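Enquirer: My structure file model-v5.pdb, PDB, C-alpha atoms, is below:
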```pdb
ATOM      1  CA  MET D   1       0.000   0.000   0.000
ATOM      2  CA  TYR D   2       2.852   2.365   0.778
ATOM      3  CA  PHE D   3       4.141   2.228  -2.823
ATOM      4  CA  TRP D   4       0.774   3.070  -4.386
ATOM      5  CA  ILE D   5       0.085   5.825  -1.849
ATOM      6  CA  GLU D   6       3.467   7.479  -2.375
ATOM      7  CA  MET D   7       3.288   7.118  -6.174
ATOM      8  CA  TRP D   8      -0.175   8.633  -6.529
ATOM      9  CA  GLY D   9       0.461  11.136  -3.745
ATOM     10  CA  SER D  10       3.613  12.392  -5.463
ATOM     11  CA  SER D  11       1.701  12.531  -8.767
ATOM     12  CA  VAL D  12      -0.927  14.813  -7.251
ATOM     13  CA  VAL D  13       1.836  17.139  -6.041
ATOM     14  CA  LEU D  14       4.062  17.015  -9.137
ATOM     15  CA  PHE D  15       1.486  17.159 -11.927
ATOM     16  CA  PRO D  16       0.690  20.878 -11.353
ATOM     17  CA  VAL D  17       4.439  21.560 -11.591
ATOM     18  CA  ALA D  18       4.480  19.697 -14.923
ATOM     19  CA  VAL D  19       1.608  21.873 -16.156
ATOM     20  CA  VAL D  20       3.530  25.052 -15.275
ATOM     21  CA  ILE D  21       6.670  23.774 -17.054
ATOM     22  CA  TRP D  22       4.569  22.833 -20.068
ATOM     23  CA  LEU D  23       2.949  26.264 -20.278
ATOM     24  CA  VAL D  24       6.196  28.190 -19.768
ATOM     25  CA  THR D  25       8.261  26.165 -22.273
ATOM     26  CA  ILE D  26       5.710  25.737 -25.099
ATOM     27  CA  PRO D  27       6.882  28.880 -26.988
ATOM     28  CA  PHE D  28      10.501  27.739 -27.349
ATOM     29  CA  ASP D  29      10.648  23.986 -26.611
ATOM     30  CA  GLY D  30       8.898  22.191 -29.456
ATOM     31  CA  ARG D  31      10.651  18.932 -28.583
ATOM     32  CA  ARG D  32       9.246  19.077 -24.997
ATOM     33  CA  TYR D  33      12.777  18.440 -23.747
ATOM     34  CA  TYR D  34      12.340  20.244 -20.422
ATOM     35  CA  LEU D  35       8.986  18.642 -19.655
ATOM     36  CA  HIS D  36      10.401  15.197 -20.431
ATOM     37  CA  GLN D  37      13.366  15.849 -18.136
ATOM     38  CA  PHE D  38      10.944  16.816 -15.375
ATOM     39  CA  SER D  39       9.055  13.558 -16.047
ATOM     40  CA  CYS D  40      12.359  11.716 -15.543
ATOM     41  CA  LEU D  41      12.856  13.567 -12.249
ATOM     42  CA  TRP D  42       9.296  12.611 -11.283
ATOM     43  CA  SER D  43      10.195   8.915 -11.680
ATOM     44  CA  ASN D  44      13.408   9.378  -9.729
ATOM     45  CA  ILE D  45      11.399  10.891  -6.867
ATOM     46  CA  VAL D  46       9.091   7.851  -6.857
ATOM     47  CA  PHE D  47      12.172   5.640  -6.528
ATOM     48  CA  TRP D  48      13.712   7.807  -3.808
ATOM     49  CA  LEU D  49      10.501   7.563  -1.799
ATOM     50  CA  ASN D  50      10.473   3.774  -2.171
ATOM     51  CA  PRO D  51      13.656   2.550  -0.430
ATOM     52  CA  SER D  52      12.580  -1.094  -0.822
ATOM     53  CA  TRP D  53      13.663  -1.094  -4.474
ATOM     54  CA  ARG D  54      17.309  -0.862  -5.495
ATOM     55  CA  LEU D  55      18.129   0.027  -9.086
ATOM     56  CA  LYS D  56      21.447  -0.729 -10.795
ATOM     57  CA  VAL D  57      22.205   0.807 -14.204
ATOM     58  CA  SER D  58      25.116  -0.221 -16.420
ATOM     59  CA  GLY D  59      26.190   0.620 -19.962
ATOM     60  CA  LYS D  60      25.402   4.340 -19.969
ATOM     61  CA  ASN D  61      28.693   4.891 -21.782
ATOM     62  CA  ASN D  62      27.080   3.196 -24.813
ATOM     63  CA  ILE D  63      24.852   6.238 -25.337
ATOM     64  CA  SER D  64      25.950   9.148 -27.519
ATOM     65  CA  LYS D  65      24.287  12.436 -26.563
ATOM     66  CA  ASN D  66      24.532  13.568 -30.176
ATOM     67  CA  GLU D  67      22.705  10.537 -31.604
ATOM     68  CA  THR D  68      19.017   9.829 -32.108
ATOM     69  CA  TYR D  69      17.944   6.222 -31.536
ATOM     70  CA  VAL D  70      15.078   3.819 -31.899
ATOM     71  CA  ILE D  71      15.256   2.475 -28.347
ATOM     72  CA  VAL D  72      13.869  -1.019 -27.746
ATOM     73  CA  SER D  73      13.498  -2.803 -24.428
ATOM     74  CA  ASN D  74      11.984  -5.965 -23.034
ATOM     75  CA  HIS D  75       8.764  -5.404 -21.066
ATOM     76  CA  GLN D  76       8.279  -7.272 -17.772
ATOM     77  CA  SER D  77       5.892  -5.100 -15.757
ATOM     78  CA  GLY D  78       4.443  -1.649 -15.172
ATOM     79  CA  ALA D  79       7.594  -0.782 -13.240
ATOM     80  CA  ASP D  80       9.529  -0.740 -16.531
ATOM     81  CA  ILE D  81       8.194   2.719 -17.344
ATOM     82  CA  LEU D  82       9.469   4.137 -14.051
ATOM     83  CA  VAL D  83      12.813   2.411 -14.547
ATOM     84  CA  LEU D  84      13.366   3.714 -18.083
ATOM     85  CA  PHE D  85      12.419   7.264 -17.098
ATOM     86  CA  THR D  86      15.169   7.254 -14.473
ATOM     87  CA  LEU D  87      17.791   6.961 -17.242
ATOM     88  CA  ARG D  88      17.088  10.615 -18.134
ATOM     89  CA  LEU D  89      17.406   9.907 -21.854
ATOM     90  CA  HIS D  90      15.412  12.202 -24.108
ATOM     91  CA  PHE D  91      12.817  10.165 -25.997
ATOM     92  CA  LYS D  92       9.177   9.880 -26.938
ATOM     93  CA  TRP D  93       7.189   6.871 -25.761
ATOM     94  CA  VAL D  94       4.971   4.773 -27.986
ATOM     95  CA  ALA D  95       2.232   3.636 -25.603
ATOM     96  CA  LYS D  96      -1.286   2.197 -25.543
ATOM     97  CA  ARG D  97      -3.899   4.888 -26.113
ATOM     98  CA  VAL D  98      -5.761   3.952 -22.923
ATOM     99  CA  LEU D  99      -2.758   4.997 -20.799
ATOM    100  CA  PHE D 100      -3.189   8.618 -21.873
ATOM    101  CA  PHE D 101      -6.461   8.768 -19.927
ATOM    102  CA  VAL D 102      -4.884   7.748 -16.610
ATOM    103  CA  PRO D 103      -5.135  10.735 -14.213
ATOM    104  CA  PHE D 104      -1.932  12.753 -13.803
ATOM    105  CA  LEU D 105       0.428  10.192 -15.366
ATOM    106  CA  GLY D 106      -1.496   9.867 -18.635
ATOM    107  CA  TRP D 107      -2.198  13.592 -18.811
ATOM    108  CA  ASN D 108       1.522  14.211 -18.447
ATOM    109  CA  MET D 109       2.157  11.781 -21.305
ATOM    110  CA  ALA D 110      -0.199  13.771 -23.508
ATOM    111  CA  MET D 111       1.522  17.069 -22.634
ATOM    112  CA  ASN D 112       4.857  15.459 -23.526
ATOM    113  CA  ARG D 113       3.415  14.633 -26.927
ATOM    114  CA  TYR D 114       4.126  10.931 -26.630
ATOM    115  CA  ILE D 115       2.551   8.775 -29.317
ATOM    116  CA  ALA D 116      -0.615   6.786 -28.698
ATOM    117  CA  LEU D 117      -1.268   3.435 -30.355
ATOM    118  CA  ARG D 118      -4.465   1.424 -30.626
ATOM    119  CA  ARG D 119      -3.666  -2.266 -30.681
ATOM    120  CA  GLY D 120      -4.939  -4.262 -33.635
ATOM    121  CA  LYS D 121      -5.760  -1.213 -35.798
ATOM    122  CA  LYS D 122      -3.687  -0.881 -38.948
ATOM    123  CA  SER D 123      -4.627   2.784 -39.342
ATOM    124  CA  SER D 124      -3.324   3.519 -35.851
ATOM    125  CA  MET D 125      -0.105   1.638 -36.624
ATOM    126  CA  HIS D 126       0.417   3.688 -39.787
ATOM    127  CA  ARG D 127      -0.145   6.963 -37.902
ATOM    128  CA  MET D 128       2.256   5.833 -35.204
ATOM    129  CA  MET D 129       4.949   5.057 -37.772
ATOM    130  CA  GLU D 130       4.556   8.430 -39.482
ATOM    131  CA  LYS D 131       4.568  10.394 -36.222
ATOM    132  CA  SER D 132       7.522   8.405 -34.891
ATOM    133  CA  LYS D 133       9.516   9.072 -38.054
ATOM    134  CA  GLU D 134       8.751  12.800 -37.729
ATOM    135  CA  GLU D 135       9.926  12.817 -34.118
ATOM    136  CA  LEU D 136      13.151  11.005 -35.035
ATOM    137  CA  LEU D 137      13.850  13.613 -37.722
ATOM    138  CA  ARG D 138      13.282  16.333 -35.090
ATOM    139  CA  GLY D 139      16.038  14.787 -33.004
ATOM    140  CA  ASN D 140      13.843  12.879 -30.555
ATOM    141  CA  SER D 141      14.668   9.238 -29.885
ATOM    142  CA  MET D 142      11.721   6.821 -29.787
ATOM    143  CA  MET D 143      11.130   4.313 -26.968
ATOM    144  CA  ILE D 144       9.235   1.173 -27.982
ATOM    145  CA  PHE D 145       8.481  -2.171 -26.321
ATOM    146  CA  PRO D 146       8.686  -4.565 -29.319
ATOM    147  CA  GLU D 147       6.955  -7.362 -27.392
ATOM    148  CA  GLY D 148       3.842  -5.203 -27.566
ATOM    149  CA  THR D 149       2.697  -6.024 -24.039
ATOM    150  CA  ARG D 150       4.087  -7.107 -20.674
ATOM    151  CA  SER D 151       5.472 -10.595 -20.333
ATOM    152  CA  PRO D 152       3.241 -12.801 -18.130
ATOM    153  CA  ASP D 153       6.214 -14.648 -16.602
ATOM    154  CA  GLY D 154       9.265 -12.433 -17.180
ATOM    155  CA  ASN D 155      10.445 -14.479 -20.161
ATOM    156  CA  LEU D 156      11.108 -12.647 -23.407
ATOM    157  CA  GLN D 157       8.215 -12.846 -25.867
ATOM    158  CA  PRO D 158       8.510 -12.687 -29.684
ATOM    159  CA  PHE D 159       9.140  -9.213 -31.098
ATOM    160  CA  LYS D 160       6.762  -7.390 -33.402
ATOM    161  CA  SER D 161       8.524  -5.785 -36.348
ATOM    162  CA  GLY D 162       7.201  -2.200 -36.082
ATOM    163  CA  ALA D 163      10.155  -0.708 -34.190
ATOM    164  CA  PHE D 164      12.618  -2.296 -36.593
ATOM    165  CA  HIS D 165      10.698  -1.179 -39.657
ATOM    166  CA  LEU D 166      10.851   2.333 -38.185
ATOM    167  CA  ALA D 167      14.634   2.156 -37.701
ATOM    168  CA  ILE D 168      15.124   1.063 -41.319
ATOM    169  CA  LEU D 169      12.677   3.672 -42.615
ATOM    170  CA  ALA D 170      14.259   6.535 -40.655
ATOM    171  CA  ARG D 171      17.831   5.225 -41.065
ATOM    172  CA  LYS D 172      18.450   5.461 -37.331
ATOM    173  CA  PRO D 173      20.522   3.189 -35.063
ATOM    174  CA  ILE D 174      18.848   0.885 -32.564
ATOM    175  CA  LEU D 175      19.654   1.099 -28.853
ATOM    176  CA  PRO D 176      18.746  -2.177 -27.075
ATOM    177  CA  ILE D 177      18.021  -1.989 -23.355
ATOM    178  CA  VAL D 178      17.553  -4.966 -21.035
ATOM    179  CA  ILE D 179      15.457  -4.728 -17.859
ATOM    180  CA  LYS D 180      15.832  -7.373 -15.166
ATOM    181  CA  GLY D 181      13.784  -8.041 -12.038
ATOM    182  CA  THR D 182      10.695  -5.901 -12.590
ATOM    183  CA  SER D 183       8.470  -8.922 -13.287
ATOM    184  CA  LYS D 184       8.898  -9.898  -9.647
ATOM    185  CA  ALA D 185       8.596  -6.337  -8.362
ATOM    186  CA  ILE D 186       5.100  -5.944  -9.857
ATOM    187  CA  ARG D 187       3.513  -8.986 -11.469
ATOM    188  CA  LYS D 188       1.364  -8.543 -14.564
ATOM    189  CA  GLY D 189      -2.305  -8.123 -13.718
ATOM    190  CA  GLY D 190      -1.616  -7.615 -10.028
ATOM    191  CA  PHE D 191      -1.111  -4.798  -7.550
ATOM    192  CA  LEU D 192       1.123  -6.525  -5.027
ATOM    193  CA  ILE D 193       4.549  -4.941  -4.663
ATOM    194  CA  SER D 194       7.584  -7.064  -3.841
ATOM    195  CA  ARG D 195       9.638  -5.432  -1.106
ATOM    196  CA  GLN D 196      13.440  -5.442  -0.844
ATOM    197  CA  HIS D 197      13.794  -6.137  -4.530
ATOM    198  CA  HIS D 198      16.750  -5.427  -6.795
ATOM    199  CA  LEU D 199      16.142  -4.121 -10.310
ATOM    200  CA  GLU D 200      18.732  -3.835 -13.055
ATOM    201  CA  VAL D 201      18.993  -2.021 -16.377
ATOM    202  CA  VAL D 202      21.685  -2.885 -18.918
ATOM    203  CA  ILE D 203      22.203  -0.577 -21.897
ATOM    204  CA  LEU D 204      23.721  -2.644 -24.694
ATOM    205  CA  ASP D 205      25.875  -1.544 -27.627
ATOM    206  CA  PRO D 206      23.922   0.398 -30.266
ATOM    207  CA  VAL D 207      23.218  -1.329 -33.563
ATOM    208  CA  PRO D 208      24.275   1.084 -36.353
ATOM    209  CA  TYR D 209      22.042   1.577 -39.381
ATOM    210  CA  GLU D 210      24.821   0.513 -41.764
ATOM    211  CA  SER D 211      24.840  -2.957 -40.186
ATOM    212  CA  PHE D 212      21.158  -3.677 -40.918
ATOM    213  CA  LYS D 213      20.160  -1.482 -43.866
ATOM    214  CA  LEU D 214      19.886  -4.533 -46.163
ATOM    215  CA  LEU D 215      17.880  -6.630 -43.681
ATOM    216  CA  THR D 216      14.107  -6.983 -43.481
ATOM    217  CA  PRO D 217      12.362  -5.727 -40.305
ATOM    218  CA  LYS D 218      11.654  -9.353 -39.342
ATOM    219  CA  GLN D 219      15.308 -10.361 -39.710
ATOM    220  CA  LEU D 220      16.422  -7.346 -37.681
ATOM    221  CA  ALA D 221      13.830  -8.089 -34.980
ATOM    222  CA  GLU D 222      15.168 -11.637 -34.620
ATOM    223  CA  ILE D 223      18.765 -10.422 -34.274
ATOM    224  CA  VAL D 224      17.931  -7.837 -31.598
ATOM    225  CA  HIS D 225      15.646 -10.325 -29.823
ATOM    226  CA  GLN D 226      18.554 -12.778 -29.561
ATOM    227  CA  THR D 227      20.874 -10.036 -28.278
ATOM    228  CA  ILE D 228      18.446  -9.049 -25.525
ATOM    229  CA  GLU D 229      17.686 -12.682 -24.643
ATOM    230  CA  ASN D 230      21.405 -13.443 -24.311
ATOM    231  CA  GLU D 231      21.761 -10.631 -21.771
ATOM    232  CA  LEU D 232      18.651 -11.741 -19.864
ATOM    233  CA  ASN D 233      20.101 -15.238 -19.563
ATOM    234  CA  ARG D 234      23.384 -13.992 -18.118
ATOM    235  CA  ILE D 235      23.775 -14.645 -14.406
TER     236      ILE D 235
END
```
Could you take the file, read its structure, and then write that structure out as structure tokens?
Expert:
Amino acid sequence: MYFWIEMWGSSVVLFPVAVVIWLVTIPFDGRRYYLHQFSCLWSNIVFWLNPSWRLKVSGKNNISKNETYVIVSNHQSGADILVLFTLRLHFKWVAKRVLFFVPFLGWNMAMNRYIALRRGKKSSMHRMMEKSKEELLRGNSMMIFPEGTRSPDGNLQPFKSGAFHLAILARKPILPIVIKGTSKAIRKGGFLISRQHHLEVVILDPVPYESFKLLTPKQLAEIVHQTIENELNRI
């Protein structure tokens, strides 16, 4: 109960601050950089207020501040979003449309101009691809969960090809990220929080466009899937 109280309590306090930042920076910050950075701070505050979780991050030296990426990560639980925000990378999320209606958190996503996706609708997928390409060309990295939904057991599910089609289309490198431990911190479909739990994020080597420009999205998805699975299987 403490986790949910502190998360929603902090959201009630921090959302008005996000609104002020949004209003003040709209005239000169078309990328919503400052609002996104505040959203990252918001997640860090949630972690600071929850001492039961310990987060270890490795591989930050694999990120170039001057590069724009299609970022892909495995998806174990709802905690993944908090974890990835704490990296303070500038990106736009691709997320289920329903999440944008969640009080405070979803409203903040909308102000950040993240991209909504309706599952199973080809028209929504096409709009997502076009908007994502536009954001990449503006210098905003894109964050996508290629599994499409949370894993029910923590094991890596097959990848959908959308993120990889986007990387080929926009000629952008892929940045694979591996999340470990969040499936046990918050299980899919449940609200129970595991206390005294260790979470880990590993940022892998980027995959340059030149190395996959002749591949199909499906072939590229299989290669990145294997790379992420290899890291998940490491002890």
Enquirer: Rounded to one decimal place, report the atom CA of D:Phe85-atom CA of D:Gly59 distance in Å.
Expert: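 Taking atom CA of D:Phe85 as the start and atom CA of D:Gly59 as the end point, the length is 15.6 Å.
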Enquirer: For stretch 119-205 of chain D against stretch 222-229 of chain D, with a cut-off of 8 Å and counting all atoms listed in the file, what is the closest atom pair and its distance in Å to one decimal for every residue that makes the cut, ordered by chain and number, as a tab-separated table?
Expert:
```
residue	atom	partner	partner_atom	distance
D:Leu156	CA	D:Glu229	CA	6.7
D:Pro158	CA	D:His225	CA	7.5
D:Phe159	CA	D:His225	CA	6.7
D:Pro176	CA	D:Ile228	CA	7.1
D:Ile177	CA	D:Ile228	CA	7.4
D:Val178	CA	D:Ile228	CA	6.1
```
Enquirer: Please evaluate the PyMOL selection byres ((chain D and resi 115) around 8) against the structure above and give the resulting residues as a list in words.
Expert: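 Against this file, the PyMOL selection byres ((chain D and resi 115) around 8) returns the residues Lys92, Trp93, Val94, Ala95, Arg113, Tyr114, Ala116, Leu117, Met128, Lys131 and Ser132 of chain D.
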Enquirer: State, in Å with one decimal place, the distance from atom CA of D:Asn112 to atom CA of D:Leu82.
Expert: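 It comes out at 15.5 Å.
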Enquirer: Any idea what the distance is between atom CA of D:Ser151 and atom CA of D:Gln76?
Expert: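 Those two atoms sit 5.0 Å apart.
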Enquirer: On this structure, which residues satisfy the PyMOL selection byres ((chain D and resi 216) around 12), written as an MDAnalysis selection string?
Expert: chainID D and resid 161:169 211:215 217:223
Enquirer: List the residues matched by the PyMOL selection byres ((chain D and resi 42) around 12) in the displayed structure as a ChimeraX atom specification, ordered by chain and then by residue number.
Expert: /D:6-18,35-41,43-49,81-88,104-105,108
Enquirer: My list of candidates is D:Leu55, D:Val70, D:Met111, D:Leu89. Which is closest to D:Ile26 when distances are computed with all atoms listed in the file?
Expert: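 Residue with the minimum atom-to-atom distance to D:Ile26: D:Met111.
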Enquirer: As JSON, please report the centre and edge lengths, rounded to one decimal in Å, of the axis-aligned box that holds all listed atoms of stretch 205-210 of chain D with 5 Å of padding on each of the six sides.
Expert:
```
{"center_x": 24.0, "center_y": 0.0, "center_z": -34.7, "size_x": 13.8, "size_y": 13.1, "size_z": 24.1}
```
Enquirer: Considering all atoms listed in the file, return as a PyMOL selection string whatever protein or nucleic-acid residues lie within 10 Å of stretch 198-203 of chain D, sequence-local ones (same chain, fewer than 4 positions apart) excluded.
Expert: chain D and resi 52-63+71+73+79-80+83-84+87+175-185+194+228+231-232
Enquirer: Given the choices D:Lys96, D:Arg171, D:Glu147, D:Arg138, which gets closest to D:Ser124 if the distance is worked out from all atoms listed in the file?
Expert: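 For D:Ser124, the nearest of the candidates is D:Lys96.
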Enquirer: Identify which of the residues D:Arg32, D:Arg150, D:Lys133, D:Lys160 lies closest to D:Asn74, counting all atoms listed in the file when measuring atom-to-atom distances.
Expert: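 Selected residue with least distance to D:Asn74: D:Arg150.
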Enquirer: Counting all atoms listed in the file, figure out which residue out of D:Arg234, D:Lys121, D:Arg31, D:His75 gets nearest to D:Asp153.
Expert: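 Answer, going by the shortest atom-to-atom distance: D:His75.
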